[in-house]
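Reviewing the structure listed below.
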Amino acid sequence: MKTENAIVIIGGGPAGLAAAVQAYDSGARDILILEREPRLGGILNQCIHNGFGLTRFKESLTGPEYARRFERAVRERNIRAMTDTTVLSLTRDRQVTAVNAAEGAFTVRAGAVILAMGCRERSRGALNVPGTRPAGIYSAGTAQKYVNLKGYLPGKEVVILGSGDIGLIMARRMTLEGAKVRAVCEIMPYSSGLKRNIVQCLDDFGIPLYLNHTITKIEGEKRVTGVVVSEVDGNKRPIPGTEMHFDCDTVLFSVGLIPENELTKSAGIPLCAGTRGAAVYQNRETEAPGIFACGNVLQVHDLVDFVSEEAEIAGRAAAEFVSGGAGERDAADCVNGKNVSYVLPQKIDKNLRGDVKLFFRVTGTFRNCTVLAESGGKILAGRKRRIAVPGEMETLLLPAEKLKEIEGELVVRLEEESWK
Amino acid sequence: MFDVIVIGGGVIGGAILRELTKYKCEVCLLEKENDVCMGQSKANSGIVHAGFDAAEGTNKARFNVRGNALMPAYAAQLGVKYKNIGSLVVAFSDGDLGTLVRLKERGEKNGVPGLELVDRKRLRELEPNISEEAVGALFAPTGGIVCPYGLTIAEIGNAMDNGARLYCNFEVTTVRREKDSFVVGSADGREVRGRVAVNCAGLGAGKVSALFGDDGLRIGGRRGEYLLLDRADGDFVSHTLFFTPTRKGKGVLVSPTADGNLLLGPTAEEVEDGGTQTTQEGIASVIAKAAEMCRGIPFRDVITSFAGVRAYSQTHDFIIGESERTEGLFQCAGIESPGLTSAPAIAEYLVGTLLRKKLKLEKNPLFDGTRKPDHFFKDLSVAEQNALIREDPAYGKIVCRCEQITEGEIVRAIRRNPPARDADAVKRRTRAGMGRCQGGFCQSHVAELLSRELGIPFDEVTKSGAGSELLKGVSK
Amino acid sequence: MEIKHLTCIECPMGCALEAGVEDGRAVYVKGNSCPRGKMYAENEVVCPMRVITSSVRAADGRMISVKTSAPVKKSEMLEVMKKINAVHPEGRVRLGDVLAAGIADGADLVATDDSPL
């Protein structure tokens, strides 16, 4: 077993695969992907619905189709990937300890590390939904795995909490497989899911969507027998007297994703409170030199196309790092201003070349608004938006020549009046 | 024919069962659920109390202090995580400080060693996240934490390794006397016969006692709701923090757990049935009370909420001893807090003194009281991990990524005593599914292992016994 | 004339559209803020079509993901699902393989993944 690698990539999902391919194409050869599942592709393998790749490939691929394109690109380059291999620990000086059945526990010293571990679903417990704890309570992703990969139905009468895309997709999927989806409840006044999914996953099948509603009680001792759903007020508190009862044997939770940064934290790499991922420079390098991050472990993306794009930035930067090491930094903080909940990257190194694409999310629904990046009283980039919603990531391009104009911090904000 | 039938597979029944296997006798355990440790032993604070709470001369005081002294070696022998972290009863007013002085005196009368009043400054050194409002505390160096379900399962597993029999899904519905023995029957028609019976049925102890002809036992239930936070927050406090007790009870505590999570709770709600649902009010009250104790609790790291129902007796003390109405029936009833701490001491007394005399028991020279832990891979050195993986490659497959639990540990939990036969049973033994994703990633893998090991179809795997099947059939 | 209400899916605006339908054709569309919305409504009221994605159980018991090679009539989705559920491919399957030709009008059932090794 080789104990040194130029680039070690933790995670063989869409981020890890795209990062590996780009690192290779940027000149790196000694690359190792560590993947905990038996197969490369990550969560895409169970996302058998279509709609992936519209931005990147201009066609609507299913998750497995998207994953196989990148997996083939990795195979064609003979990039080494170890599957069924779980990383146990990571240190700041880039020692990666992993375990699998064939090699046992082993430590690899890496020239650069790319974190691509993805995210996990928030669970029922994290929401403090009261009631009993019987069988029949699943996260939408777990249900998706049972239905799509195992071929079993987790339930026949379903209520879904949360109208994120996975929840919507599962409403359709369960319906097509013969289950009855009684309701989808969303605590917010809007769905964070794509409009396309609301129409094609709910409306197509007459599944009601209750906005401003949440589950306030789960019933059943051995198996779920029903739920109580209540309307919520402006502070998301249930309004007494609005309770509705639904008989069901299953409750699915689709209530958000959390980047899986336990390894990142254990390496002492600082995280950003807004994204719950590492704080990074525009080349996706974390505060720890030579450790990069990309994909959903860094920020939860809506589209895998953006994951691939981000992973390519990290892959290229990691290849540069191992070939030349780090240059002198000239760093500025990049922060969220009015109506913006977070911005990525959190730091801009003015010495790095190239345009910087800023990714951010807005705090509400805004029509005919302007998003802009400002520093030292000067607006460095901006664009008008007919609509901006929290569920869709916003981007703004900061041209390379503007980097030197950053004085102090760069603030990204949204103005409700049209700008200029 | 058994010498002793123990009814109820909680921490008390388990301790008694194991204690009995130290003697030459045939013993069995009757458990009404699909697995042991399904009542209050699986959902409590996991605190090893020092012993200053209970009034002098009560069973609670006596067994608590003795149990506290036994616990470190007891847990170590059974391979269960125990940590002697010490506890602090925190005062928020002059009135509270007065109560602490009385608590200290009571504790000293009970025989609790090392009690010490600490001032505001020292309290802050001990617990930097304590509320600004806290004015002092009573420090008990012998306070600790233990994994309550780990302990219960280990007791029963070790007893089985030493010859005890376990009958699950055995809810006692009939009892009849035949000559000098009891015949105890379950709803499905199974019967076991024994010379004496020990009633450790928790909330069901009153009902069981009545079946044996003693209807004098009155058991009430008090539901307590808890919040559990991610392991990342296990060091948010470094002691168990109690509020100063009032007439209403001990209130919400803030404590690390033996496995390194942060635990908040419990509430205390009188209940008629044994329902362990959580409620909006309960969860809100835990959050509010915990926030009074400490500043900046990371509530967004809550991974689950749960509730347990604590059984108490009409005397509000432990009822331990032979029934006055039914000869041969021994009661261990009303074992509320500090029952977990007291378990080894209660077993020592009930078996070593009462049953030994009654049944004229002789020592079992073959007894081996040691047991290896159910989950341990993560704690091994790399060399040890590799030796294990070479022997059994299943230890090289991580199934539960949040808690780093291997396939080897899960398979072992399904095969060893007491065998895990459902997903929750695997979880209680190995922690697979107990972490931050709450089984979202690993449950299907655990279900596959259960299906393979038990030789049952995938869709017959249950969460916690019949009626709780994880799946509703094949989709195509 | 029949009046149909739709939500436009072309962008996050999600305009609430109203279409007047006569002889199976949209005679007017209201509520759209751009030409794409009009086009969407015109297509959607005539004969809404959907690509179905699902999975089939291979003869060895394992699941293989599939899709229809072209959109099928929305009204026929559940019928097509029944046919999909009856498909049980044998042997190795490759992404792109046709598993059932003509599973609906003008659409085959195509594997969207390789069968696991």
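Here, A, B, ... name the chains of the structure tokens in the order displayed, residue numbers run from 1 inside each chain, and ligands are numbered from 1 in the same displayed order.
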
Tell me, counting only C-alpha atoms, for each residue of chain C within 8 Å of chain B, which pair of atoms is nearest and how far apart they are in Å to one decimal, in rows ordered by chain and increasing number, as JSON lines.
```
{"residue": "C:Val56", "atom": "CA", "partner": "B:Lys476", "partner_atom": "CA", "distance": 7.4}
{"residue": "C:Arg57", "atom": "CA", "partner": "B:Lys476", "partner_atom": "CA", "distance": 6.7}
{"residue": "C:Asn85", "atom": "CA", "partner": "B:Lys476", "partner_atom": "CA", "distance": 5.6}
{"residue": "C:Ala86", "atom": "CA", "partner": "B:Lys476", "partner_atom": "CA", "distance": 7.7}
```

**OP:** Return as a PyMOL selection string the residues belonging to chain B that are within 7 Å of chain A, counting only C-alpha atoms.
**Re:** chain B and resi 276-280+302-305+382+385-386+389+393-398+437-438+440-441+463+467-476

Subject >> For CA of Val340 in chain A and CA of Asn283 in chain A, the interatomic separation in Å (one decimal) >> reply: 21.7 Å

Under the rule of at most 7 Å, produce a per-residue listing of chain C near chain A: chain, number, name, the closest pair of atoms, and the distance in Å, as a Markdown table, using only C-alpha atoms.
```
| residue | atom | partner | partner_atom | distance |
| --- | --- | --- | --- | --- |
| C:Thr7 | CA | A:Val199 | CA | 6.9 |
| C:Ile9 | CA | A:Arg196 | CA | 4.7 |
| C:Pro12 | CA | A:Lys195 | CA | 6.1 |
| C:Met13 | CA | A:Ile387 | CA | 6.3 |
| C:Gly14 | CA | A:Lys195 | CA | 6.1 |
| C:Thr53 | CA | A:His49 | CA | 5.4 |
| C:Ser54 | CA | A:Ile48 | CA | 6.8 |
| C:Ser55 | CA | A:Asn148 | CA | 6.3 |
| C:Met63 | CA | A:Leu149 | CA | 5.7 |
| C:Ser65 | CA | A:Ile48 | CA | 6.1 |
| C:Leu78 | CA | A:Leu176 | CA | 6.6 |
| C:Met81 | CA | A:Leu176 | CA | 6.8 |
| C:Thr112 | CA | A:Glu65 | CA | 5.7 |
| C:Asp113 | CA | A:Pro64 | CA | 5.6 |
```

**OP:** Fewer than 4 positions away in the same chain doesn't count, so skip those; otherwise give me all residues within 8 Å of Ser181 in chain B, counting only C-alpha atoms, as a PyMOL selection string.
**Re:** chain B and resi 177+193-196

Export of the given selection (N, CA and C atoms) as a PDB file, in the first residue's frame:
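again_34.pdb written:
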```
ATOM      1  N   ARG B 177     -50.046 -21.144  41.260  1.00  0.00           N
ATOM      2  CA  ARG B 177     -49.187 -21.870  42.179  1.00  0.00           C
ATOM      3  C   ARG B 177     -49.390 -23.355  41.978  1.00  0.00           C
ATOM      4  N   ARG B 193     -41.738 -22.370  34.801  1.00  0.00           N
ATOM      5  CA  ARG B 193     -42.005 -22.754  36.181  1.00  0.00           C
ATOM      6  C   ARG B 193     -40.786 -22.386  37.027  1.00  0.00           C
ATOM      7  N   GLY B 194     -41.052 -21.827  38.217  1.00  0.00           N
ATOM      8  CA  GLY B 194     -39.920 -21.451  39.067  1.00  0.00           C
ATOM      9  C   GLY B 194     -40.276 -21.493  40.533  1.00  0.00           C
ATOM     10  N   ARG B 195     -39.231 -21.619  41.337  1.00  0.00           N
ATOM     11  CA  ARG B 195     -39.474 -21.688  42.794  1.00  0.00           C
ATOM     12  C   ARG B 195     -39.815 -20.317  43.365  1.00  0.00           C
ATOM     13  N   VAL B 196     -39.078 -19.301  42.945  1.00  0.00           N
ATOM     14  CA  VAL B 196     -39.407 -17.942  43.381  1.00  0.00           C
ATOM     15  C   VAL B 196     -39.374 -17.026  42.167  1.00  0.00           C
TER      16      VAL B 196
END
```
